[in-house]
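> The structure follows.
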Amino acid sequence: MAYDVIVLGSGPGGYVAAIRASQLGFKTAIVEKESLGGVCLNWGCIPTKALLKSAQVFEYIKHAKDFGLEANGSADFGAVVKRSRGVADKMSKGVQFLMRKNKIDVHMGYGKIKAKGQLEVTGTDGKVQVLEAKHIIVATGGRSRELPSMKQDGKKVIGYREAMVLPEMPKSMIVVGSGAIGVEFAYFYNSMGTKVTIVEFMPKVVPVEDDDISKELEKSYKKIGIDIMTSSEVLSVDTSGAGVKAKVKTPTGEVTLEADILLSAAGVVANIENIGLETVGVKTDKGKIVVDKFYQTNVPGIYAIGDCVPGQALAHVASKEAIICVEALGYNEKKYHHKPEALDYGNVPGCTYCTPEIASVGFTEKAAKEAGYEIKVGKFPLSASGKASAAGHTEGFVKVIFDAKYGEWLGTHMIGYNVTEIIAQTVTARKLETTYQEVLNSIHPHPTISESVKDAIEVAYGEAIHL
């Protein structure tokens with residue numbers, strides 16, 4: 001079977017690449033070994049948000065009196081998991097619809113590059129077929145990183161997939177790693193009633209975030225009963241007993257933690273093994289596929305996007321890489337009118353959906369100083385926000401960083417209620433090279449959380465009204 005474009009993998013990079021290719025007039029196919037939508041729709045972004053929403057609703061019920069209401073109830077863990085799987089299934093079916101709508105052929109099976117322009121697909125029934133295409137886009141994503149000291153058995157030592165479908169709620173859990181995956185699951189299980197301990201190798205939780213964000217989240221988590229151990233490393237895990245015993249090296253010596261379950265949330269690793277890269281000589285480096293700014297590998301006609309290439313391992317990054325890759329390909333084939341702009345990896349927003357939420361983009365305060373900027377910093381506490389007070393979520397703040405010389409918006413770092421919904425303002429403004437004056441001259445609606453960004457800018461420039 002011959003195509004113009006074949007996409008290997010159907011996550012937020014793969015299915016977006018396939019749709020854009022079809023829109024540009026390419027005869028397109030997609031190959032997927034498991035479920036359309038990939039990890040994001042089936043085991044990542046979407047179902048985890050469903051779990052977190054259930055936890056937040058449960059928190060509201062437990063604190064109903066704070067809102068002048070009488071309510072009580074208990075968590076049905078099985079029903080919570082079932083709802084999450086239902087949401088994921090609905091989204092996966094949505095991708096199936098999009099494939100039909102855009103006339104994209106879907107081949108279910110394990111895909112492997114057989115030769116330049118050829119992809120071998122082994123179906124679930126064991127049958128093998130060879131697909132041909134002028135262009136092959138690798139979008140195989142990533143999986144939970146397995147550390148030598150914590151071999152995952154899927155029962156007592158688990159990754160994020162098992163964490164979403166545990167048969168029953170554990171009484172206690174050790175979460176190793178405090179990136180987005182770790183802190184989101186820590187919040188979820190703590191809210192459901194599990195005793196949670198976070199072990200983080202770095203000196204602070206959510207290590208990639210601004211220092212002030214890390215301090216605020218640690219304070220918030222400790223307040224709700226989550227134990228946090230930073231600058232700590234799991235040396236070994238013993239699963240021979242009823243639960244898990246983890247030997248942990250801390251700044252003050254070794255300790256042994258005991259729990260029902262240990263969740264390894266130490267990041268992701270790219271899925272680049274056994275897909276035929278070495279057969280055609282595609283270059284890799286440090287576990288990632290080497291590409292140029294338009295995602296062309298060193299082998300003409302083979303491209304790679306998403307978690308299997310360098311850059312942030314985020315769904316929205318994979319989707320944008322997909323569009324840039326296909327539009328560049330389309331331009332070269334005279335199916336698209338201009339060459340796309342390369343992605344600015346310095347202006348990619350990051351969001352973490354624990355409670356309080358975290359959203360950030362651009363330079364942290366420390367990074368801005370290290371880059372040589374003279375900066376102005378503004379910090380507005382959500383305790384001074386009318387919308388946050390009305391919502392009953394006054395924890396957190398909005399922090400903005402500007403270049404003192406030219407007024408360039410260097411970064412925004414937020415922790416609090418609904419902040420993931422407003423980070424796009426900073427992303428767009430930075431893309432447009434907006435200065436602080438232009439933001440302050442734009443009316444922000446009241447009462448909203450988004451006006452706290454304006455308030456933080458006023459603080460940075462000594463014009464605060466609400467502080």
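Residues are named by chain letter and number: chains run A, B, ... in the order of the structure tokens, numbers start at 1 in each chain, and ligands are numbered from 1 in the order shown.
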Tell me which protein, DNA and RNA residues are within 10 Å of His446 in chain A, counting only C-alpha atoms, leaving out same-chain ones fewer than 6 positions away, and put them as a list in words.
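Non-adjacent residues within range: Ser385, Gly386, Lys387 and Ser452 of chain A.
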> Store the residues picked out above in a file with N, CA and C atoms, as an mmCIF file, in the first residue's frame.

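As a result, out.cif now contains:
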data_model
loop_
_atom_site.group_PDB
_atom_site.id
_atom_site.type_symbol
_atom_site.label_atom_id
_atom_site.label_comp_id
_atom_site.auth_asym_id
_atom_site.auth_seq_id
_atom_site.Cartn_x
_atom_site.Cartn_y
_atom_site.Cartn_z
ATOM 1 N N SER A 385 -6.865 38.787 45.729
ATOM 2 C CA SER A 385 -7.747 38.690 44.560
ATOM 3 C C SER A 385 -9.183 38.443 44.978
ATOM 4 N N GLY A 386 -10.088 39.276 44.487
ATOM 5 C CA GLY A 386 -11.510 39.103 44.804
ATOM 6 C C GLY A 386 -12.057 37.801 44.274
ATOM 7 N N LYS A 387 -11.653 37.406 43.062
ATOM 8 C CA LYS A 387 -12.150 36.161 42.467
ATOM 9 C C LYS A 387 -11.649 34.952 43.249
ATOM 10 N N SER A 452 -4.941 39.329 37.976
ATOM 11 C CA SER A 452 -3.812 39.268 38.903
ATOM 12 C C SER A 452 -2.480 39.390 38.168
#
> Please identify all polymer residues within 10 Å of range 144-158 of chain A, counting only C-alpha atoms, omitting same-chain residues fewer than 3 positions from it, and present them as a short mmCIF file (atom, residue, chain, number, x, y, z; two decimals) with N, CA, C and O atoms, in the first residue's frame.

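What follows is the written file selection01.cif:
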data_model
loop_
_atom_site.label_atom_id
_atom_site.label_comp_id
_atom_site.auth_asym_id
_atom_site.auth_seq_id
_atom_site.Cartn_x
_atom_site.Cartn_y
_atom_site.Cartn_z
N ARG A 161 0.94 4.52 34.49
CA ARG A 161 -0.21 3.79 33.93
C ARG A 161 -0.94 3.01 35.01
O ARG A 161 -2.17 3.07 35.12
N GLU A 162 -0.17 2.27 35.80
CA GLU A 162 -0.80 1.49 36.88
C GLU A 162 -1.43 2.40 37.93
O GLU A 162 -2.44 2.06 38.55
N ALA A 163 -0.84 3.59 38.14
CA ALA A 163 -1.35 4.52 39.15
C ALA A 163 -2.75 5.00 38.81
O ALA A 163 -3.50 5.42 39.69
N LEU A 166 -5.40 1.46 39.69
CA LEU A 166 -5.22 0.55 40.82
C LEU A 166 -6.56 -0.05 41.22
O LEU A 166 -7.58 0.64 41.24
N PRO A 167 -6.60 -1.35 41.54
CA PRO A 167 -7.87 -1.99 41.87
C PRO A 167 -8.50 -1.46 43.15
O PRO A 167 -9.72 -1.53 43.33
N MET A 173 1.47 5.51 50.25
CA MET A 173 2.17 5.51 48.97
C MET A 173 3.43 6.36 49.06
O MET A 173 3.42 7.45 49.65
N ILE A 174 4.52 5.86 48.47
CA ILE A 174 5.75 6.64 48.30
C ILE A 174 5.78 7.09 46.84
O ILE A 174 5.66 6.26 45.93
N VAL A 175 5.90 8.38 46.60
CA VAL A 175 6.01 8.91 45.24
C VAL A 175 7.45 9.37 45.04
O VAL A 175 7.92 10.27 45.74
N VAL A 176 8.14 8.74 44.10
CA VAL A 176 9.54 9.09 43.83
C VAL A 176 9.59 10.00 42.61
O VAL A 176 9.27 9.59 41.50
N GLU A 233 17.51 10.26 47.88
CA GLU A 233 17.60 9.28 46.80
C GLU A 233 17.21 7.89 47.29
O GLU A 233 17.66 7.45 48.34
N VAL A 234 16.35 7.21 46.52
CA VAL A 234 15.99 5.84 46.84
C VAL A 234 17.13 4.93 46.39
O VAL A 234 17.48 4.86 45.21
N LEU A 235 17.74 4.24 47.36
CA LEU A 235 18.88 3.36 47.06
C LEU A 235 18.45 1.97 46.66
O LEU A 235 19.05 1.34 45.79
N SER A 236 17.39 1.47 47.29
CA SER A 236 16.90 0.13 46.98
C SER A 236 15.46 -0.01 47.45
O SER A 236 14.98 0.75 48.29
N VAL A 237 14.79 -1.01 46.89
CA VAL A 237 13.39 -1.27 47.23
C VAL A 237 13.22 -2.76 47.52
O VAL A 237 13.67 -3.61 46.74
N ASP A 238 12.56 -3.06 48.61
CA ASP A 238 12.30 -4.44 49.01
C ASP A 238 10.79 -4.69 48.92
O ASP A 238 10.01 -4.03 49.60
N THR A 239 10.38 -5.62 48.06
CA THR A 239 8.95 -5.92 47.90
C THR A 239 8.60 -7.32 48.41
O THR A 239 7.55 -7.85 48.09
N SER A 240 9.49 -7.91 49.21
CA SER A 240 9.27 -9.29 49.64
C SER A 240 8.15 -9.41 50.68
O SER A 240 7.55 -10.48 50.82
N ALA A 242 4.57 -7.60 52.75
CA ALA A 242 3.20 -7.25 52.34
C ALA A 242 3.16 -6.00 51.48
O ALA A 242 2.36 -5.88 50.56
N GLY A 243 4.06 -5.05 51.76
CA GLY A 243 4.09 -3.81 51.01
C GLY A 243 5.46 -3.55 50.40
O GLY A 243 6.09 -4.45 49.85
N VAL A 244 5.91 -2.31 50.53
CA VAL A 244 7.20 -1.89 49.97
C VAL A 244 8.04 -1.26 51.07
O VAL A 244 7.54 -0.47 51.88
N ALA A 246 11.45 1.03 51.22
CA ALA A 246 12.40 1.77 50.39
C ALA A 246 13.51 2.34 51.26
O ALA A 246 13.24 3.07 52.23
N LYS A 247 14.75 1.99 50.93
CA LYS A 247 15.89 2.55 51.65
C LYS A 247 16.24 3.88 50.97
O LYS A 247 16.51 3.91 49.77
N ALA A 259 5.45 1.48 52.80
CA ALA A 259 4.16 1.87 52.23
C ALA A 259 3.56 0.68 51.49
O ALA A 259 4.24 -0.33 51.25
N ASP A 260 2.29 0.83 51.10
CA ASP A 260 1.64 -0.22 50.32
C ASP A 260 2.18 -0.23 48.88
O ASP A 260 2.35 -1.29 48.28
N ILE A 261 2.40 0.97 48.34
CA ILE A 261 2.76 1.13 46.93
C ILE A 261 3.88 2.15 46.80
O ILE A 261 3.93 3.14 47.55
N LEU A 262 4.78 1.93 45.82
CA LEU A 262 5.75 2.96 45.45
C LEU A 262 5.51 3.34 44.00
O LEU A 262 5.48 2.47 43.11
N LEU A 263 5.26 4.62 43.76
CA LEU A 263 5.07 5.13 42.41
C LEU A 263 6.36 5.77 41.93
O LEU A 263 6.83 6.74 42.51
N SER A 264 6.93 5.21 40.86
CA SER A 264 8.13 5.79 40.26
C SER A 264 7.71 6.84 39.24
O SER A 264 7.13 6.52 38.21
N ALA A 265 7.97 8.10 39.57
CA ALA A 265 7.59 9.21 38.69
C ALA A 265 8.83 10.03 38.35
O ALA A 265 8.85 11.25 38.46
N ALA A 266 9.88 9.32 37.95
CA ALA A 266 11.18 9.94 37.68
C ALA A 266 11.35 10.30 36.21
O ALA A 266 12.42 10.13 35.64
N GLY A 267 10.27 10.74 35.59
CA GLY A 267 10.35 11.20 34.21
C GLY A 267 10.02 10.15 33.18
O GLY A 267 9.55 9.05 33.51
N VAL A 268 10.25 10.49 31.91
CA VAL A 268 9.94 9.59 30.81
C VAL A 268 11.17 9.36 29.95
O VAL A 268 12.11 10.15 29.96
N VAL A 269 11.15 8.26 29.22
CA VAL A 269 12.23 7.92 28.29
C VAL A 269 11.60 7.69 26.92
O VAL A 269 10.48 7.19 26.81
N ALA A 270 12.29 8.09 25.87
CA ALA A 270 11.74 8.01 24.51
C ALA A 270 11.62 6.57 24.02
O ALA A 270 12.46 5.72 24.34
#
> I'd like the contact shell of His393 in chain A - 8 Å cut-off, only C-alpha atoms, skipping same-chain residues fewer than 3 positions apart - returned as a PDB file with N, CA and C atoms, in the first residue's frame.

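Everything below was put into result03.pdb:
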ATOM      1  N   LEU A 382      -2.623  35.864  45.640  1.00  0.00           N
ATOM      2  CA  LEU A 382      -4.031  35.646  45.331  1.00  0.00           C
ATOM      3  C   LEU A 382      -4.924  35.882  46.541  1.00  0.00           C
ATOM      4  N   ALA A 388     -10.372  34.984  43.654  1.00  0.00           N
ATOM      5  CA  ALA A 388      -9.813  33.870  44.424  1.00  0.00           C
ATOM      6  C   ALA A 388     -10.515  33.745  45.779  1.00  0.00           C
ATOM      7  N   SER A 389     -10.804  34.883  46.410  1.00  0.00           N
ATOM      8  CA  SER A 389     -11.503  34.868  47.700  1.00  0.00           C
ATOM      9  C   SER A 389     -12.905  34.297  47.544  1.00  0.00           C
ATOM     10  N   ALA A 390     -13.616  34.716  46.495  1.00  0.00           N
ATOM     11  CA  ALA A 390     -14.971  34.222  46.250  1.00  0.00           C
ATOM     12  C   ALA A 390     -14.965  32.724  45.970  1.00  0.00           C
ATOM     13  N   GLY A 416      -1.670  28.624  41.905  1.00  0.00           N
ATOM     14  CA  GLY A 416      -2.954  28.980  42.488  1.00  0.00           C
ATOM     15  C   GLY A 416      -4.126  28.479  41.669  1.00  0.00           C
ATOM     16  N   TYR A 417      -5.279  28.989  42.012  1.00  0.00           N
ATOM     17  CA  TYR A 417      -6.550  28.561  41.429  1.00  0.00           C
ATOM     18  C   TYR A 417      -6.642  28.906  39.936  1.00  0.00           C
TER      19      TYR A 417
END
> Determine, using only C-alpha atoms, which residues of range 62-128 of chain A have any atom at most 12 Å from an atom of range 8-32 of chain A, and tabulate each with its shortest atom pair and distance in Å to one decimal place, rows ordered by chain and then rising number, as JSON lines.

{"residue": "A:Met91", "atom": "CA", "partner": "A:Gly11", "partner_atom": "CA", "distance": 11.6}
{"residue": "A:Ser92", "atom": "CA", "partner": "A:Gly11", "partner_atom": "CA", "distance": 9.9}
{"residue": "A:Gly94", "atom": "CA", "partner": "A:Tyr15", "partner_atom": "CA", "distance": 11.2}
{"residue": "A:Val95", "atom": "CA", "partner": "A:Tyr15", "partner_atom": "CA", "distance": 7.6}
{"residue": "A:Gln96", "atom": "CA", "partner": "A:Tyr15", "partner_atom": "CA", "distance": 9.7}
{"residue": "A:Phe97", "atom": "CA", "partner": "A:Ile19", "partner_atom": "CA", "distance": 11.4}
{"residue": "A:Leu98", "atom": "CA", "partner": "A:Ile19", "partner_atom": "CA", "distance": 7.7}
{"residue": "A:Met99", "atom": "CA", "partner": "A:Ile19", "partner_atom": "CA", "distance": 7.3}
{"residue": "A:Arg100", "atom": "CA", "partner": "A:Ile19", "partner_atom": "CA", "distance": 10.1}
{"residue": "A:Lys101", "atom": "CA", "partner": "A:Ile19", "partner_atom": "CA", "distance": 9.3}
{"residue": "A:Asn102", "atom": "CA", "partner": "A:Ser22", "partner_atom": "CA", "distance": 6.3}
{"residue": "A:Lys103", "atom": "CA", "partner": "A:Ser22", "partner_atom": "CA", "distance": 7.4}
{"residue": "A:Ile104", "atom": "CA", "partner": "A:Ala29", "partner_atom": "CA", "distance": 5.3}
{"residue": "A:Asp105", "atom": "CA", "partner": "A:Ala29", "partner_atom": "CA", "distance": 4.5}
{"residue": "A:Val106", "atom": "CA", "partner": "A:Ile30", "partner_atom": "CA", "distance": 5.0}
{"residue": "A:His107", "atom": "CA", "partner": "A:Val31", "partner_atom": "CA", "distance": 4.8}
{"residue": "A:Met108", "atom": "CA", "partner": "A:Glu32", "partner_atom": "CA", "distance": 5.1}
{"residue": "A:Gly109", "atom": "CA", "partner": "A:Glu32", "partner_atom": "CA", "distance": 5.8}
{"residue": "A:Tyr110", "atom": "CA", "partner": "A:Glu32", "partner_atom": "CA", "distance": 6.7}
{"residue": "A:Gly111", "atom": "CA", "partner": "A:Val31", "partner_atom": "CA", "distance": 6.4}
{"residue": "A:Lys112", "atom": "CA", "partner": "A:Leu8", "partner_atom": "CA", "distance": 8.4}
{"residue": "A:Ile113", "atom": "CA", "partner": "A:Leu8", "partner_atom": "CA", "distance": 9.3}
{"residue": "A:Gln118", "atom": "CA", "partner": "A:Leu8", "partner_atom": "CA", "distance": 11.6}
{"residue": "A:Leu119", "atom": "CA", "partner": "A:Leu8", "partner_atom": "CA", "distance": 8.8}
{"residue": "A:Glu120", "atom": "CA", "partner": "A:Val31", "partner_atom": "CA", "distance": 9.8}
{"residue": "A:Val121", "atom": "CA", "partner": "A:Val31", "partner_atom": "CA", "distance": 7.7}
{"residue": "A:Thr122", "atom": "CA", "partner": "A:Val31", "partner_atom": "CA", "distance": 10.1}
{"residue": "A:Gly123", "atom": "CA", "partner": "A:Glu32", "partner_atom": "CA", "distance": 9.7}
{"residue": "A:Thr124", "atom": "CA", "partner": "A:Glu32", "partner_atom": "CA", "distance": 10.7}
> Let's have the selection written as a CSV table (one decimal), in the first residue's frame, with N, CA, C and O atoms.

chain,number,residue,atom,x,y,z
A,91,MET,N,-12.4,10.5,24.4
A,91,MET,CA,-11.4,11.2,23.7
A,91,MET,C,-10.8,10.4,22.6
A,91,MET,O,-10.5,10.9,21.4
A,92,SER,N,-10.5,9.1,22.9
A,92,SER,CA,-9.9,8.2,21.9
A,92,SER,C,-10.8,8.0,20.7
A,92,SER,O,-10.4,8.0,19.5
A,94,GLY,N,-13.0,10.2,19.8
A,94,GLY,CA,-12.9,11.4,19.0
A,94,GLY,C,-11.8,11.5,18.0
A,94,GLY,O,-12.0,12.0,16.9
A,95,VAL,N,-10.7,10.9,18.3
A,95,VAL,CA,-9.6,10.8,17.4
A,95,VAL,C,-9.9,9.9,16.2
A,95,VAL,O,-9.6,10.1,15.1
A,96,GLN,N,-10.6,8.7,16.6
A,96,GLN,CA,-11.1,7.8,15.5
A,96,GLN,C,-12.0,8.6,14.5
A,96,GLN,O,-11.8,8.4,13.3
A,97,PHE,N,-12.9,9.4,15.0
A,97,PHE,CA,-13.7,10.2,14.2
A,97,PHE,C,-12.9,11.2,13.3
A,97,PHE,O,-13.2,11.3,12.1
A,98,LEU,N,-11.9,11.8,13.9
A,98,LEU,CA,-11.1,12.7,13.1
A,98,LEU,C,-10.3,12.0,12.0
A,98,LEU,O,-10.1,12.6,10.9
A,99,MET,N,-9.9,10.8,12.2
A,99,MET,CA,-9.2,10.0,11.2
A,99,MET,C,-10.2,9.8,10.0
A,99,MET,O,-9.8,9.9,8.8
A,100,ARG,N,-11.4,9.4,10.3
A,100,ARG,CA,-12.4,9.1,9.3
A,100,ARG,C,-12.7,10.4,8.5
A,100,ARG,O,-12.8,10.4,7.3
A,101,LYS,N,-12.9,11.5,9.3
A,101,LYS,CA,-13.3,12.8,8.7
A,101,LYS,C,-12.2,13.2,7.7
A,101,LYS,O,-12.5,13.8,6.6
A,102,ASN,N,-10.9,13.0,8.0
A,102,ASN,CA,-9.8,13.5,7.2
A,102,ASN,C,-9.3,12.4,6.2
A,102,ASN,O,-8.3,12.6,5.6
A,103,LYS,N,-10.1,11.3,6.1
A,103,LYS,CA,-9.7,10.3,5.2
A,103,LYS,C,-8.3,9.7,5.4
A,103,LYS,O,-7.6,9.5,4.4
A,104,ILE,N,-8.0,9.5,6.6
A,104,ILE,CA,-6.7,8.9,7.0
A,104,ILE,C,-6.8,7.5,7.2
A,104,ILE,O,-7.7,7.0,8.0
A,105,ASP,N,-6.0,6.6,6.6
A,105,ASP,CA,-6.1,5.2,6.8
A,105,ASP,C,-5.4,4.9,8.1
A,105,ASP,O,-4.3,5.4,8.4
A,106,VAL,N,-6.0,4.1,9.0
A,106,VAL,CA,-5.5,3.7,10.2
A,106,VAL,C,-5.1,2.2,10.2
A,106,VAL,O,-5.9,1.3,9.9
A,107,HIS,N,-3.8,1.9,10.5
A,107,HIS,CA,-3.3,0.6,10.5
A,107,HIS,C,-2.9,0.2,12.0
A,107,HIS,O,-2.0,0.8,12.5
A,108,MET,N,-3.7,-0.6,12.6
A,108,MET,CA,-3.4,-1.0,14.0
A,108,MET,C,-2.4,-2.1,14.0
A,108,MET,O,-2.6,-3.2,13.4
A,109,GLY,N,-1.3,-1.9,14.7
A,109,GLY,CA,-0.2,-2.9,14.8
A,109,GLY,C,1.1,-2.2,15.1
A,109,GLY,O,1.2,-1.0,15.3
A,110,TYR,N,2.1,-3.0,15.2
A,110,TYR,CA,3.5,-2.5,15.6
A,110,TYR,C,4.2,-2.2,14.4
A,110,TYR,O,4.5,-3.0,13.5
A,111,GLY,N,4.6,-0.9,14.2
A,111,GLY,CA,5.3,-0.4,13.1
A,111,GLY,C,6.8,-0.4,13.2
A,111,GLY,O,7.3,0.0,14.3
A,112,LYS,N,7.5,-0.7,12.1
A,112,LYS,CA,9.0,-0.7,12.2
A,112,LYS,C,9.5,-0.3,10.8
A,112,LYS,O,9.0,-0.9,9.8
A,113,ILE,N,10.4,0.6,10.8
A,113,ILE,CA,11.0,1.0,9.5
A,113,ILE,C,11.8,-0.2,8.9
A,113,ILE,O,12.7,-0.6,9.5
A,118,GLN,N,9.8,2.5,3.5
A,118,GLN,CA,9.0,1.3,3.8
A,118,GLN,C,8.8,1.1,5.3
A,118,GLN,O,9.8,1.2,6.1
A,119,LEU,N,7.6,0.9,5.7
A,119,LEU,CA,7.3,0.6,7.1
A,119,LEU,C,6.5,-0.7,7.2
A,119,LEU,O,5.5,-1.0,6.5
A,120,GLU,N,7.1,-1.6,8.0
A,120,GLU,CA,6.5,-2.9,8.2
A,120,GLU,C,5.6,-2.9,9.4
A,120,GLU,O,6.0,-2.4,10.5
A,121,VAL,N,4.4,-3.4,9.2
A,121,VAL,CA,3.4,-3.3,10.3
A,121,VAL,C,3.0,-4.7,10.6
A,121,VAL,O,2.4,-5.5,9.8
A,122,THR,N,3.2,-5.1,11.9
A,122,THR,CA,2.7,-6.4,12.4
A,122,THR,C,1.5,-6.2,13.2
A,122,THR,O,1.4,-5.6,14.2
A,123,GLY,N,0.4,-6.7,12.7
A,123,GLY,CA,-0.9,-6.5,13.3
A,123,GLY,C,-1.1,-7.4,14.5
A,123,GLY,O,-0.3,-8.2,14.8
A,124,THR,N,-2.2,-7.1,15.3
A,124,THR,CA,-2.5,-7.8,16.5
A,124,THR,C,-2.7,-9.3,16.2
A,124,THR,O,-2.6,-10.1,17.1
> Among range 249-414 of chain A, which residues does DSSP mark as strand (DSSP E) when it is run on the backbone? Keep the chain and numbering as in the structure and answer as JSON, numbers by chain.
{"A": [249, 250, 253, 254, 255, 256, 257, 258, 259, 261, 262, 263, 264, 268, 269, 270, 284, 285, 288, 289, 302, 303, 304, 350, 351, 352, 357, 358, 359, 360, 361, 362, 375, 376, 377, 378, 379, 380, 381, 397, 398, 399, 400, 401, 402, 403, 409, 410, 411, 412, 413, 414]}
> Filtering to C-alpha atoms, could you give me those residues as an mmCIF file, in the first residue's frame?

data_model
loop_
_atom_site.group_PDB
_atom_site.id
_atom_site.type_symbol
_atom_site.label_atom_id
_atom_site.label_comp_id
_atom_site.auth_asym_id
_atom_site.auth_seq_id
_atom_site.Cartn_x
_atom_site.Cartn_y
_atom_site.Cartn_z
ATOM 1 C CA LYS A 249 19.573 8.320 51.436
ATOM 2 C CA THR A 250 18.823 11.727 52.944
ATOM 3 C CA GLY A 253 21.565 9.741 56.807
ATOM 4 C CA GLU A 254 19.741 6.649 55.575
ATOM 5 C CA VAL A 255 16.115 5.919 56.481
ATOM 6 C CA THR A 256 13.678 3.174 55.519
ATOM 7 C CA LEU A 257 10.194 4.142 54.344
ATOM 8 C CA GLU A 258 7.330 1.653 54.335
ATOM 9 C CA ALA A 259 4.164 1.869 52.226
ATOM 10 C CA ILE A 261 2.759 1.133 46.927
ATOM 11 C CA LEU A 262 5.755 2.958 45.455
ATOM 12 C CA LEU A 263 5.069 5.130 42.409
ATOM 13 C CA SER A 264 8.129 5.787 40.263
ATOM 14 C CA VAL A 268 9.935 9.591 30.807
ATOM 15 C CA VAL A 269 12.229 7.921 28.289
ATOM 16 C CA ALA A 270 11.744 8.009 24.511
ATOM 17 C CA THR A 284 20.282 9.336 17.807
ATOM 18 C CA ASP A 285 21.923 11.050 20.759
ATOM 19 C CA LYS A 288 16.614 10.978 21.410
ATOM 20 C CA ILE A 289 16.373 11.180 17.626
ATOM 21 C CA ILE A 302 12.337 10.341 7.657
ATOM 22 C CA TYR A 303 11.234 12.847 10.290
ATOM 23 C CA ALA A 304 10.673 12.711 14.054
ATOM 24 C CA GLY A 350 4.405 24.400 31.309
ATOM 25 C CA CYS A 351 1.346 23.445 33.372
ATOM 26 C CA THR A 352 0.962 21.191 36.399
ATOM 27 C CA GLU A 357 -2.160 24.584 39.954
ATOM 28 C CA ILE A 358 1.194 25.687 38.543
ATOM 29 C CA ALA A 359 1.734 27.470 35.225
ATOM 30 C CA SER A 360 4.894 29.083 33.902
ATOM 31 C CA VAL A 361 6.686 30.292 30.800
ATOM 32 C CA GLY A 362 10.000 31.967 30.050
ATOM 33 C CA ILE A 375 15.213 42.756 36.084
ATOM 34 C CA LYS A 376 12.044 44.060 37.631
ATOM 35 C CA VAL A 377 9.982 41.493 39.549
ATOM 36 C CA GLY A 378 6.357 41.805 40.591
ATOM 37 C CA LYS A 379 4.527 39.363 42.846
ATOM 38 C CA PHE A 380 0.799 39.560 43.541
ATOM 39 C CA PRO A 381 -0.695 37.230 46.188
ATOM 40 C CA PHE A 397 0.519 34.105 43.717
ATOM 41 C CA VAL A 398 1.348 35.471 40.277
ATOM 42 C CA LYS A 399 4.968 36.443 39.673
ATOM 43 C CA VAL A 400 6.167 38.377 36.618
ATOM 44 C CA ILE A 401 9.714 39.153 35.494
ATOM 45 C CA PHE A 402 10.591 42.036 33.140
ATOM 46 C CA ASP A 403 13.795 43.365 31.639
ATOM 47 C CA TRP A 409 8.413 40.380 29.384
ATOM 48 C CA LEU A 410 10.931 37.719 30.390
ATOM 49 C CA GLY A 411 8.738 35.276 32.297
ATOM 50 C CA THR A 412 5.629 34.538 34.325
ATOM 51 C CA HIS A 413 5.315 32.016 37.154
ATOM 52 C CA MET A 414 1.976 31.287 38.800
#
> Calculated over only C-alpha atoms, which of the candidates A:Asn190, A:Gly392, A:Lys33, A:Met1 has the smallest distance to Leu52 in chain A?
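So, comparing all the options, the nearest one is A:Asn190.
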> Enumerate, in order of chain and increasing residue number, the residues of range 118-192 of chain A with an atom no farther than 10 Å from range 201-206 of chain A, each with its shortest atom pair and distance in Å to one decimal, counting only C-alpha atoms, as CSV.

residue,atom,partner,partner_atom,distance
A:Val176,CA,A:Phe201,CA,8.4
A:Gly177,CA,A:Phe201,CA,7.2
A:Ser178,CA,A:Val206,CA,5.3
A:Gly179,CA,A:Val206,CA,4.9
A:Ala180,CA,A:Val206,CA,7.0
A:Ile181,CA,A:Val206,CA,9.9
A:Gly182,CA,A:Val206,CA,8.9
A:Val183,CA,A:Val206,CA,7.8
> Using only C-alpha atoms, find the one residue out of A:Val196, A:Thr48, A:Ile61, A:Thr230 that sits nearest to Lys171 in chain A.
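Among the listed residues, A:Val196 lies closest to Lys171 in chain A.
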> Extract the full set of helix (DSSP H, G or I) residues from range 183-350 of chain A according to DSSP on the backbone, and format it as JSON, numbers by chain.
{"A": [183, 184, 185, 186, 187, 188, 189, 190, 191, 192, 211, 212, 213, 214, 215, 216, 217, 218, 219, 220, 221, 222, 223, 277, 278, 279, 280, 306, 307, 308, 315, 316, 317, 318, 319, 320, 321, 322, 323, 324, 325, 326, 327, 328, 329, 330, 331, 332, 345, 346, 347]}
> Would you mind listing what lies within 12 Å of Asn441 in chain A as a ChimeraX atom specification, with only C-alpha atoms counted and same-chain residues fewer than 6 positions away left out?
/A:434-435,454,457-458
